[in-house]
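Student: A single structure is presented below for examination.
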Amino acid sequence: MTMCRKRPHPETGGRRPLLRCLPLAILVAALALALAGGLHHQLTLDALARHHDRITGLIQTHPLAAIAGFCLVYAVSVAISLPGAALLSLAAGVFFGVPLGLAIVLVAATAGAVTVFLAARGALRPLMLRHAGAKLCRMEAGFRRNAASYLLFLRLMPVFPFFLVNVAPALFGMRLLPYAAVTLIGIVPGALVYVSLGAGLGQVIAEGRVPDLADLMTVEIMAGLSGLAVLALLPALVSHVKARRAARRRP
């Protein structure tokens, strides 16, 4: 079903516009409060080094509560698109190591992304359903044919903002379960890079030294993630080539 149909869409029926917009409004308000309070300025390697001993002690004293709290903070940071949230992936490696840290990041990041997806689908997609033009309809049709490949490409390519990658599939009508599954798969390479770097920096930060975050993401790492992103587009490219060939064979 595309958003070009004139009849009411099942995603919009029965819910009042204000109620549909409420979740997204809450996320936007939370982001505004976080920025006003300067929380994004705390997501730095310097802050991580300053609070390292206290956080480590908390994890050792209350491990389960610390893991749950870290997951919640990470998920909320992703859901409200707080700048600098990538540092939390490094922190997961510093405090929990690679296996556990990676699991925490994957669960929390996916939960946050799903939250944004649902909020955007409820608030923004109905607007597109009412105002969609022919070009937008064609874009949606193309996206839905290879939604998983396109989303995986967007997840793997490190240049696309995480917030936009969360919102675009919602606007184009991607279903929740495929979105969550592809999101979980797509963030594995980047999360593994950050968590591994964080684990390697644990001793450096414990000694009070502050590494430069800009030096961590090397050209080689960026190139590797970009290569994976290009591979993710291959199924969509093959499908497009087959469709073009089939169209040429028609009388």
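Simple scheme: letters A, B, ... for chains in structure tokens order, numbers from 1 for residues in each chain, numbers from 1 for ligands in the order shown.
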Write out as a PDB file with N, CA, C and O atoms, in the first residue's frame which residues come within 8 Å of segment 60-76 of chain A when counting only C-alpha atoms, dropping same-chain ones fewer than 4 positions away.

Tutor:
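Once written, around-v2.pdb looks like this:
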```
ATOM      1  N   THR A  56      33.138   3.471  37.477  1.00  0.00           N
ATOM      2  CA  THR A  56      33.660   2.113  37.646  1.00  0.00           C
ATOM      3  C   THR A  56      33.258   1.544  39.006  1.00  0.00           C
ATOM      4  O   THR A  56      32.869   0.370  39.117  1.00  0.00           O
ATOM      5  N   ILE A  80      16.202  10.961  21.365  1.00  0.00           N
ATOM      6  CA  ILE A  80      16.071  12.415  21.237  1.00  0.00           C
ATOM      7  C   ILE A  80      17.155  13.006  20.344  1.00  0.00           C
ATOM      8  O   ILE A  80      17.225  14.223  20.169  1.00  0.00           O
ATOM      9  N   ALA A  85      26.142  11.528  21.128  1.00  0.00           N
ATOM     10  CA  ALA A  85      25.747  10.256  21.723  1.00  0.00           C
ATOM     11  C   ALA A  85      26.678   9.113  21.324  1.00  0.00           C
ATOM     12  O   ALA A  85      26.730   8.093  22.010  1.00  0.00           O
ATOM     13  N   LEU A  88      28.901   7.447  23.864  1.00  0.00           N
ATOM     14  CA  LEU A  88      28.395   6.408  24.755  1.00  0.00           C
ATOM     15  C   LEU A  88      28.817   5.017  24.292  1.00  0.00           C
ATOM     16  O   LEU A  88      28.952   4.104  25.101  1.00  0.00           O
ATOM     17  N   ILE A 104      25.100  -4.282  24.879  1.00  0.00           N
ATOM     18  CA  ILE A 104      24.381  -3.144  25.452  1.00  0.00           C
ATOM     19  C   ILE A 104      24.099  -2.096  24.387  1.00  0.00           C
ATOM     20  O   ILE A 104      22.986  -1.572  24.282  1.00  0.00           O
ATOM     21  N   VAL A 105      25.094  -1.772  23.580  1.00  0.00           N
ATOM     22  CA  VAL A 105      24.933  -0.749  22.544  1.00  0.00           C
ATOM     23  C   VAL A 105      23.891  -1.176  21.515  1.00  0.00           C
ATOM     24  O   VAL A 105      23.043  -0.377  21.103  1.00  0.00           O
ATOM     25  N   VAL A 107      21.335  -3.277  21.800  1.00  0.00           N
ATOM     26  CA  VAL A 107      19.984  -3.256  22.360  1.00  0.00           C
ATOM     27  C   VAL A 107      19.503  -1.822  22.560  1.00  0.00           C
ATOM     28  O   VAL A 107      18.391  -1.451  22.155  1.00  0.00           O
ATOM     29  N   ALA A 108      20.347  -0.987  23.169  1.00  0.00           N
ATOM     30  CA  ALA A 108      19.931   0.379  23.485  1.00  0.00           C
ATOM     31  C   ALA A 108      19.759   1.225  22.230  1.00  0.00           C
ATOM     32  O   ALA A 108      18.784   1.982  22.111  1.00  0.00           O
ATOM     33  N   ALA A 109      20.683   1.113  21.290  1.00  0.00           N
ATOM     34  CA  ALA A 109      20.586   1.906  20.066  1.00  0.00           C
ATOM     35  C   ALA A 109      19.368   1.500  19.245  1.00  0.00           C
ATOM     36  O   ALA A 109      18.674   2.352  18.673  1.00  0.00           O
ATOM     37  N   THR A 110      19.092   0.199  19.175  1.00  0.00           N
ATOM     38  CA  THR A 110      17.920  -0.260  18.439  1.00  0.00           C
ATOM     39  C   THR A 110      16.635   0.225  19.099  1.00  0.00           C
ATOM     40  O   THR A 110      15.699   0.662  18.426  1.00  0.00           O
ATOM     41  N   ALA A 111      16.594   0.160  20.425  1.00  0.00           N
ATOM     42  CA  ALA A 111      15.409   0.638  21.147  1.00  0.00           C
ATOM     43  C   ALA A 111      15.179   2.131  20.905  1.00  0.00           C
ATOM     44  O   ALA A 111      14.045   2.580  20.682  1.00  0.00           O
ATOM     45  N   GLY A 112      16.246   2.911  20.952  1.00  0.00           N
ATOM     46  CA  GLY A 112      16.113   4.334  20.687  1.00  0.00           C
ATOM     47  C   GLY A 112      15.685   4.628  19.266  1.00  0.00           C
ATOM     48  O   GLY A 112      14.840   5.503  19.028  1.00  0.00           O
ATOM     49  N   ALA A 113      16.246   3.886  18.312  1.00  0.00           N
ATOM     50  CA  ALA A 113      15.880   4.082  16.905  1.00  0.00           C
ATOM     51  C   ALA A 113      14.426   3.708  16.651  1.00  0.00           C
ATOM     52  O   ALA A 113      13.720   4.383  15.889  1.00  0.00           O
TER      53      ALA A 113
END
```

Student: What separation in Å, quoted to one decimal, exists between atom CA of Leu100 of chain A and atom CA of Pro83 of chain A?

Tutor: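 So the answer is 23.9 Å.
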
Student: Using only C-alpha atoms, which of the listed residues (A:Ala34, A:Ala120, A:Ala199, A:Leu154) sits closest to Phe96 of chain A?

Tutor: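 Between A:Ala34, A:Ala120, A:Ala199, A:Leu154, the residue approaching Phe96 of chain A most closely is A:Ala199.
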
Student: Check the DSSP output for the backbone and give back, as a tab-separated table (two decimals) with N, CA and C atoms, in the first residue's frame, the residues of segment 27-95 of chain A in alpha helix (DSSP H).

Tutor:
```tsv
chain	number	residue	atom	x	y	z
A	27	LEU	N	9.65	13.89	22.43
A	27	LEU	CA	11.06	13.72	22.10
A	27	LEU	C	11.73	15.06	21.79
A	28	VAL	N	11.04	15.91	21.04
A	28	VAL	CA	11.59	17.22	20.72
A	28	VAL	C	11.77	18.06	21.98
A	29	ALA	N	10.77	18.02	22.86
A	29	ALA	CA	10.86	18.77	24.12
A	29	ALA	C	12.01	18.25	24.98
A	30	ALA	N	12.18	16.94	25.02
A	30	ALA	CA	13.27	16.36	25.80
A	30	ALA	C	14.63	16.78	25.25
A	31	LEU	N	14.74	16.83	23.92
A	31	LEU	CA	15.99	17.28	23.30
A	31	LEU	C	16.25	18.75	23.65
A	32	ALA	N	15.22	19.58	23.59
A	32	ALA	CA	15.38	20.99	23.91
A	32	ALA	C	15.84	21.18	25.36
A	33	LEU	N	15.25	20.41	26.27
A	33	LEU	CA	15.65	20.51	27.68
A	33	LEU	C	17.09	20.04	27.88
A	34	ALA	N	17.46	18.95	27.18
A	34	ALA	CA	18.82	18.43	27.30
A	34	ALA	C	19.84	19.45	26.78
A	35	LEU	N	19.53	20.07	25.66
A	35	LEU	CA	20.45	21.07	25.10
A	35	LEU	C	20.52	22.31	26.00
A	36	ALA	N	19.36	22.72	26.52
A	36	ALA	CA	19.33	23.88	27.40
A	36	ALA	C	20.12	23.62	28.68
A	45	LEU	N	35.24	13.03	25.89
A	45	LEU	CA	36.25	12.15	26.47
A	45	LEU	C	36.82	12.73	27.77
A	46	ASP	N	36.87	14.06	27.85
A	46	ASP	CA	37.35	14.69	29.08
A	46	ASP	C	36.43	14.37	30.26
A	47	ALA	N	35.11	14.46	30.02
A	47	ALA	CA	34.14	14.13	31.08
A	47	ALA	C	34.23	12.65	31.43
A	48	LEU	N	34.44	11.81	30.41
A	48	LEU	CA	34.58	10.38	30.66
A	48	LEU	C	35.77	10.09	31.55
A	49	ALA	N	36.86	10.79	31.31
A	49	ALA	CA	38.06	10.60	32.14
A	49	ALA	C	37.83	11.10	33.56
A	50	ARG	N	37.13	12.24	33.70
A	50	ARG	CA	36.89	12.80	35.03
A	50	ARG	C	36.04	11.89	35.90
A	52	HIS	N	35.55	8.60	35.46
A	52	HIS	CA	35.86	7.18	35.25
A	52	HIS	C	35.84	6.39	36.55
A	53	ASP	N	36.54	6.85	37.56
A	53	ASP	CA	36.65	6.10	38.81
A	53	ASP	C	35.29	5.94	39.49
A	54	ARG	N	34.50	7.01	39.50
A	54	ARG	CA	33.19	6.94	40.16
A	54	ARG	C	32.25	5.99	39.44
A	55	ILE	N	32.26	6.03	38.10
A	55	ILE	CA	31.38	5.14	37.35
A	55	ILE	C	31.83	3.69	37.49
A	56	THR	N	33.14	3.47	37.48
A	56	THR	CA	33.66	2.11	37.65
A	56	THR	C	33.26	1.54	39.01
A	57	GLY	N	33.33	2.36	40.02
A	57	GLY	CA	32.93	1.90	41.35
A	57	GLY	C	31.45	1.58	41.41
A	58	LEU	N	30.64	2.39	40.75
A	58	LEU	CA	29.20	2.13	40.72
A	58	LEU	C	28.90	0.82	40.01
A	59	ILE	N	29.60	0.55	38.92
A	59	ILE	CA	29.38	-0.69	38.18
A	59	ILE	C	29.78	-1.90	39.03
A	60	GLN	N	30.87	-1.79	39.74
A	60	GLN	CA	31.31	-2.90	40.58
A	60	GLN	C	30.37	-3.14	41.75
A	61	THR	N	29.76	-2.08	42.27
A	61	THR	CA	28.87	-2.21	43.43
A	61	THR	C	27.48	-2.67	43.02
A	63	PRO	N	26.17	-3.89	39.57
A	63	PRO	CA	26.37	-4.17	38.14
A	63	PRO	C	25.09	-4.19	37.31
A	64	LEU	N	24.04	-4.86	37.80
A	64	LEU	CA	22.80	-4.95	37.03
A	64	LEU	C	22.13	-3.59	36.89
A	65	ALA	N	22.08	-2.84	37.99
A	65	ALA	CA	21.48	-1.50	37.95
A	65	ALA	C	22.29	-0.59	37.04
A	66	ALA	N	23.62	-0.73	37.04
A	66	ALA	CA	24.47	0.10	36.20
A	66	ALA	C	24.23	-0.21	34.72
A	67	ILE	N	24.11	-1.50	34.40
A	67	ILE	CA	23.84	-1.88	33.01
A	67	ILE	C	22.49	-1.36	32.55
A	68	ALA	N	21.47	-1.52	33.39
A	68	ALA	CA	20.14	-1.04	33.04
A	68	ALA	C	20.13	0.48	32.89
A	69	GLY	N	20.80	1.17	33.80
A	69	GLY	CA	20.86	2.62	33.72
A	69	GLY	C	21.59	3.10	32.48
A	70	PHE	N	22.69	2.44	32.14
A	70	PHE	CA	23.45	2.81	30.95
A	70	PHE	C	22.60	2.59	29.69
A	71	CYS	N	21.91	1.46	29.64
A	71	CYS	CA	21.03	1.18	28.49
A	71	CYS	C	19.96	2.26	28.34
A	72	LEU	N	19.37	2.67	29.47
A	72	LEU	CA	18.33	3.68	29.43
A	72	LEU	C	18.88	5.02	28.94
A	73	VAL	N	20.02	5.42	29.48
A	73	VAL	CA	20.63	6.68	29.05
A	73	VAL	C	20.96	6.64	27.56
A	74	TYR	N	21.51	5.53	27.11
A	74	TYR	CA	21.89	5.40	25.69
A	74	TYR	C	20.64	5.45	24.81
A	75	ALA	N	19.61	4.69	25.18
A	75	ALA	CA	18.39	4.65	24.36
A	75	ALA	C	17.73	6.02	24.29
A	76	VAL	N	17.66	6.71	25.41
A	76	VAL	CA	17.06	8.06	25.42
A	76	VAL	C	17.89	9.02	24.58
A	77	SER	N	19.21	8.92	24.67
A	77	SER	CA	20.07	9.80	23.89
A	77	SER	C	19.85	9.60	22.40
A	78	VAL	N	19.69	8.35	21.98
A	78	VAL	CA	19.41	8.07	20.57
A	78	VAL	C	18.02	8.55	20.19
A	79	ALA	N	17.04	8.31	21.06
A	79	ALA	CA	15.66	8.67	20.76
A	79	ALA	C	15.49	10.17	20.58
A	87	LEU	N	29.69	8.95	21.74
A	87	LEU	CA	30.66	8.73	22.80
A	87	LEU	C	30.21	7.64	23.75
A	88	LEU	N	28.90	7.45	23.86
A	88	LEU	CA	28.39	6.41	24.76
A	88	LEU	C	28.82	5.02	24.29
A	89	SER	N	29.02	4.86	22.99
A	89	SER	CA	29.52	3.57	22.49
A	89	SER	C	30.94	3.34	22.97
A	90	LEU	N	31.75	4.40	22.94
A	90	LEU	CA	33.10	4.29	23.49
A	90	LEU	C	33.04	3.97	24.98
A	91	ALA	N	32.13	4.66	25.69
A	91	ALA	CA	32.01	4.43	27.12
A	91	ALA	C	31.61	3.00	27.43
A	92	ALA	N	30.77	2.41	26.58
A	92	ALA	CA	30.38	1.02	26.78
A	92	ALA	C	31.59	0.10	26.73
A	93	GLY	N	32.50	0.38	25.80
A	93	GLY	CA	33.72	-0.41	25.72
A	93	GLY	C	34.63	-0.18	26.90
A	94	VAL	N	34.73	1.07	27.34
A	94	VAL	CA	35.59	1.40	28.48
A	94	VAL	C	35.14	0.68	29.74
A	95	PHE	N	33.84	0.71	30.01
A	95	PHE	CA	33.33	0.22	31.30
A	95	PHE	C	32.88	-1.24	31.29
```

Student: Considering only C-alpha atoms, return as a ChimeraX atom specification whatever protein or nucleic-acid residues lie within 9 Å of Pro169 of chain A, sequence-local ones (same chain, fewer than 5 positions apart) excluded.

Tutor: /A:117,121,143-144,147,151,164,174-175,179

Student: Write the residues you've just listed into a file as an mmCIF file, in the first residue's frame, and include N, CA, C and O atoms for each of them.

Tutor:
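Printed below is selection33.cif as written:
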```cif
data_model
loop_
_atom_site.group_PDB
_atom_site.id
_atom_site.type_symbol
_atom_site.label_atom_id
_atom_site.label_comp_id
_atom_site.auth_asym_id
_atom_site.auth_seq_id
_atom_site.Cartn_x
_atom_site.Cartn_y
_atom_site.Cartn_z
ATOM 1 N N PHE A 117 11.392 6.024 15.190
ATOM 2 C CA PHE A 117 10.636 5.517 14.045
ATOM 3 C C PHE A 117 9.132 5.572 14.314
ATOM 4 O O PHE A 117 8.356 6.067 13.485
ATOM 5 N N ARG A 121 6.513 8.009 12.457
ATOM 6 C CA ARG A 121 5.444 7.397 11.671
ATOM 7 C C ARG A 121 4.085 7.916 12.099
ATOM 8 O O ARG A 121 3.204 8.155 11.272
ATOM 9 N N PHE A 143 11.559 2.761 -2.747
ATOM 10 C CA PHE A 143 12.127 2.441 -1.438
ATOM 11 C C PHE A 143 11.539 1.154 -0.892
ATOM 12 O O PHE A 143 12.261 0.295 -0.374
ATOM 13 N N ARG A 144 10.225 0.996 -1.014
ATOM 14 C CA ARG A 144 9.569 -0.165 -0.425
ATOM 15 C C ARG A 144 9.945 -1.460 -1.130
ATOM 16 O O ARG A 144 9.910 -2.531 -0.521
ATOM 17 N N ALA A 147 13.480 -1.973 0.591
ATOM 18 C CA ALA A 147 13.606 -1.198 1.832
ATOM 19 C C ALA A 147 14.760 -1.681 2.695
ATOM 20 O O ALA A 147 15.518 -0.874 3.254
ATOM 21 N N LEU A 151 17.916 0.690 3.731
ATOM 22 C CA LEU A 151 18.128 1.021 5.137
ATOM 23 C C LEU A 151 19.484 0.527 5.615
ATOM 24 O O LEU A 151 20.180 1.223 6.368
ATOM 25 N N LEU A 164 18.065 11.191 10.733
ATOM 26 C CA LEU A 164 17.430 11.111 9.419
ATOM 27 C C LEU A 164 17.249 9.665 8.972
ATOM 28 O O LEU A 164 16.254 9.321 8.338
ATOM 29 N N MET A 174 7.928 1.855 5.825
ATOM 30 C CA MET A 174 8.556 0.575 6.141
ATOM 31 C C MET A 174 7.915 0.001 7.394
ATOM 32 O O MET A 174 7.569 0.727 8.333
ATOM 33 N N ARG A 175 7.761 -1.319 7.433
ATOM 34 C CA ARG A 175 7.134 -1.964 8.583
ATOM 35 C C ARG A 175 8.113 -2.032 9.756
ATOM 36 O O ARG A 175 9.326 -2.031 9.580
ATOM 37 N N TYR A 179 12.233 -3.037 9.977
ATOM 38 C CA TYR A 179 13.037 -1.870 10.339
ATOM 39 C C TYR A 179 13.918 -2.184 11.550
ATOM 40 O O TYR A 179 15.126 -1.887 11.540
#
```

Student: Closest to Ala191 of chain A among A:Ala25, A:Leu156, A:Val204, A:Val116, using only C-alpha atoms?

Tutor: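 Of all the options, A:Leu156 lies closest to Ala191 of chain A.
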